[in-house]
Amino acid sequence: MPSTFFGLTIAGSALNTFQAALNTTANNISNVNTKGYSRQEAVRIAAEALRTNQRYGTVGSGVVTTEIIQKRDFYYDVKYWENNAKTGMYDSKLYYMQQIEEYLLNDDNQKGFATILDEMFGALDTLRETPEELDARKSFISKSESFANFFQSMYTGFLKMQEDCNQEIATQVDQINGIAQKIALLNKQINVIELQGSNANELRDQRALLVDELSDLVDVEVKETKVTNTSHPEIYTGGTNYLLKINGQTLVDSFEYNTLTYVARDKKVNQSDAEGLYDIYWTKDNIPFNASGKNCTGRLKGLFDTRDGNNNQAFSGTVKSIVPGADGDIVTIMNPSITDINKMNMPDDGIITLNNKDYRYSGFTYDAETKTYQFQLKYTLSVEERESLNNRKANIGEDIDAMGIPYYQAQANEFLREFAKQLNQIQQSGVDLNGVAGGAFFVAGNKADGSEYNFADYDATGNMSTFKNDYYKLTAANIKVADELKDPNRMVTLTDKDLPDGVANQNLVEQMQKLKSEIKMFRGGGADSFLKCLITDNSVDTQKSETFLKNYSNISNTIEQKRMSISAVDEDEEGLDIVKFQNAYNLASRMIQTMSEIYNRLILETGV
């Protein structure tokens with residue numbers, strides 16, 4: 001049978017239980033504005049009944065607090081992490097798309113491509129009326145220099161943007177490593193506490209907050225499993241195994257964590273890339289971390305798409321043959337993905353991947369008739385290796401389905417090459433005011449030594465004989481007006497048949513005027529179509545990023561509201577709990593007082 005003083009024990013259990021409930025409420029109120037905090041709740045159950053030898057059999061023994069739990073739903077955490085990665089990706093893309101848009105603007109506040117092109121062809125209209133006047137020639141040459149300077153400025157801006165992306169990638173890799181280390185440490189602390197039978201709620205909140213931050217950078221996958229007794233699987237030890245993956249690869253496994261490292265490329269992937277762009281690897285095994293994969297999301301993915309995006313226009317082909325050469329093997333590539341000289345965007349000195357293995361090359365040539373490339377490797381392969389590579393896939397870089405900085409650089413290069421080629425051919429078809437054969441108007445400048453590449457061959461007497469088909473050497477970075485045109489007499493407006501008259505005419509000038517809108521050179525349009533096409537590309541990407549960012553932000557808000565409805569501390573609800581637990585505590589105290597009076601009467605007044 002229960003003790004005579006059992007009532008005090010029961011009332012005392014209520015005091016202890018509601019004291020714990022009030023303490024938990026106080027903790028919730030203290031953390032009402034703490035980021036990442038989840039509301040806690042003291043779980044109460046009826047104490048185990050006491051068996052008696054009385055007719056009623058058992059008697060209640062009060063109440064006990066079994067644990068203090070978090071009010072958190074893992075389902076909404078997962079949904080939040082998945083959506084947060086997409087939000088971060090499109091936020092990053094939108095930021096850089098808007099920066100690219102700045103280089104394409106042409107309004108009253110910013111003098112852009114359209115204005116410069118109009119001024120250039122406006123000077124050409126004046127030249128048409130007086131083709132022999134030096135001032136008119138100087139004006140056109142000056143406006144042409146402004147045209148070249150615009151593209152050099154655009155190239156520099158894009159290059160700076162690419163370098164900014166690259167640096168941000170490095171910063172985010174460091175951030176991922178830091179989060180991984182903190183989560184592994186928290187896992188250990190959580191297990192130490194929970195193996196002793198308690199719940200490490202605050203530490204779990206800290207860990208979940210770190211995963212929230214990580215999910216903005218990369219897509220995450222979390223799995224937590226209970227550690228059971230090996231001999232008795234149904235017995236829970238209190239510990240847990242915590243597995244965190246990013247992009248499908250393990251970052252944290254309980255107390256252990258992996259790190260990423262960024263390594264600067266020693267060779268460019270695209271012709272107009274900045275030097276030293278980073279590739280990411282797993283530090284432990286030196287395995288590439290493919291943050292730009294099609295199924296990846298997160299801010300890091302957005303940065304890689306912006307920095308490396310080529311709109312799926314990377315070079316690829318099939319190995320036709322490999323033969324020994326004087327300085328290394330020569331690889332012939334057939335069925336190339338790029339057959340237009342103006343669209344070539346691979347570097348002169350780079351890395352070609354043959355059958356998924358990288359090889360260094362020091363140069364290449366292109367045969368337009370057979371549509372084959374020949375790459376000069378920097379070393380000699382074995383006979384077996386040559387044979388094994390025949391008919392295998394070859395590629396330089398990889399297709400990235402995004403219109404990033406390399407895409408816009410390549411589009412500018414493509415336009416400039418065709419425009420310079422068309423203008424140079426017109427200049428080459430006539431003679432200057434001195435009767436000397438015309439040369440190239442736009443050339444590729446070498447800033448290192450001041451030399452110029454003018455795309456022309458010369459015969460033994462110094463006269464130009466053939467026009468070379470290798471305009472891929474000209475880019476937005478090096479385009480310039482030929483130095484010889486500092487003398488306006490060297491500009492060509494005459495054809496050979498004009499020489500007997502000794503007076504310039506406008507025939508060649510009229511041909512140059514057609515380059516603005518009548519001669520097809522860029523996506524089926526004239527020179528004035530260049531800006532329209534790029535603005536369209538940028539507008540589509542910007543609008544897409546804005547739309548998706550808005551949609552995913554709205555979804556994030558909805559999910560966050562669901563999470564907060566479960567996890568957040570509600571001040572009104574906590575206020576009601578204070579009153580409720582206070583009343584229960586007061587009642588338990590009153591019960592102890594009542595029982596004390598009863599026992600006092602029992603002991604003092606009924607004793608024998």
# chains A, B, ... in the order shown; residues from 1 in each chain; ligands from 1

call {"tool": "select_by_dssp", "arguments": {"residues": "region 3-116 of chain A", "states": "strand (DSSP E or B)", "output": "PyMOL selection string"}}
result
chain A and resi 40-46+50-51+58-59+63-70+107+110

call {"tool": "residues_around", "arguments": {"residues": "region 375-392 of chain A", "least_positions_apart": "4", "cutoff": "12 Å", "atoms": "only C-alpha atoms", "output": "PyMOL selection string"}}
result
chain A and resi 316-335+346-367+396

call {"tool": "atom_distance", "arguments": {"atom1": "CA of Ala410 (chain A)", "atom2": "CA of Phe140 (chain A)"}}
result
26.6 Å

call {"tool": "atom_distance", "arguments": {"atom1": "CA of Ala148 (chain A)", "atom2": "CA of Thr306 (chain A)"}}
result
24.9 Å

call {"tool": "closest_residue", "arguments": {"among": "A:Phe548, A:Asn583, A:Val492, A:Ser529", "to": "Ala114 (chain A)", "atoms": "only C-alpha atoms"}}
result
A:Ser529

call {"tool": "residues_around", "arguments": {"residues": "Tyr103 (chain A)", "least_positions_apart": "3", "cutoff": "8 Å", "atoms": "only C-alpha atoms", "output": "number ranges by chain"}}
result
A: 99-100, 112, 154, 157

call {"tool": "write_last_selection", "arguments": {"atoms": "C-alpha atoms", "output": "CSV table (one decimal), in the first residue's frame"}}
result
chain,number,residue,atom,x,y,z
A,99,GLN,CA,25.9,44.0,-64.7
A,100,ILE,CA,26.2,42.6,-68.3
A,112,GLY,CA,27.0,52.8,-76.0
A,154,MET,CA,33.7,46.0,-73.0
A,157,GLY,CA,34.7,45.0,-68.1

call {"tool": "select_by_dssp", "arguments": {"residues": "region 403-585 of chain A", "states": "helix (DSSP H, G or I)", "output": "PyMOL selection string"}}
result
chain A and resi 405-428+471-473+483-486+488-490+496-498+507-513+529-567+571-585

call {"tool": "residues_around", "arguments": {"residues": "region 18-35 of chain A", "least_positions_apart": "5", "cutoff": "8 Å", "atoms": "only C-alpha atoms", "output": "list of chain:residue names"}}
result
A:Gln40, A:Glu41, A:Ala42, A:Thr65, A:Ile68, A:Ala568, A:Val569, A:Asp570, A:Glu571, A:Glu574, A:Asp577, A:Ile578, A:Phe581, A:Gln582, A:Ala584, A:Tyr585

call {"tool": "closest_residue", "arguments": {"among": "A:Val481, A:Met344, A:Val579, A:Ile169", "to": "Ser142 (chain A)", "atoms": "only C-alpha atoms"}}
result
A:Val481

call {"tool": "atom_distance", "arguments": {"atom1": "CA of Asn538 (chain A)", "atom2": "CA of Lys343 (chain A)"}}
result
19.3 Å

call {"tool": "closest_residue", "arguments": {"among": "A:Ser272, A:Gln175, A:Gln181, A:Ser292", "to": "Glu256 (chain A)", "atoms": "only C-alpha atoms"}}
result
A:Gln181
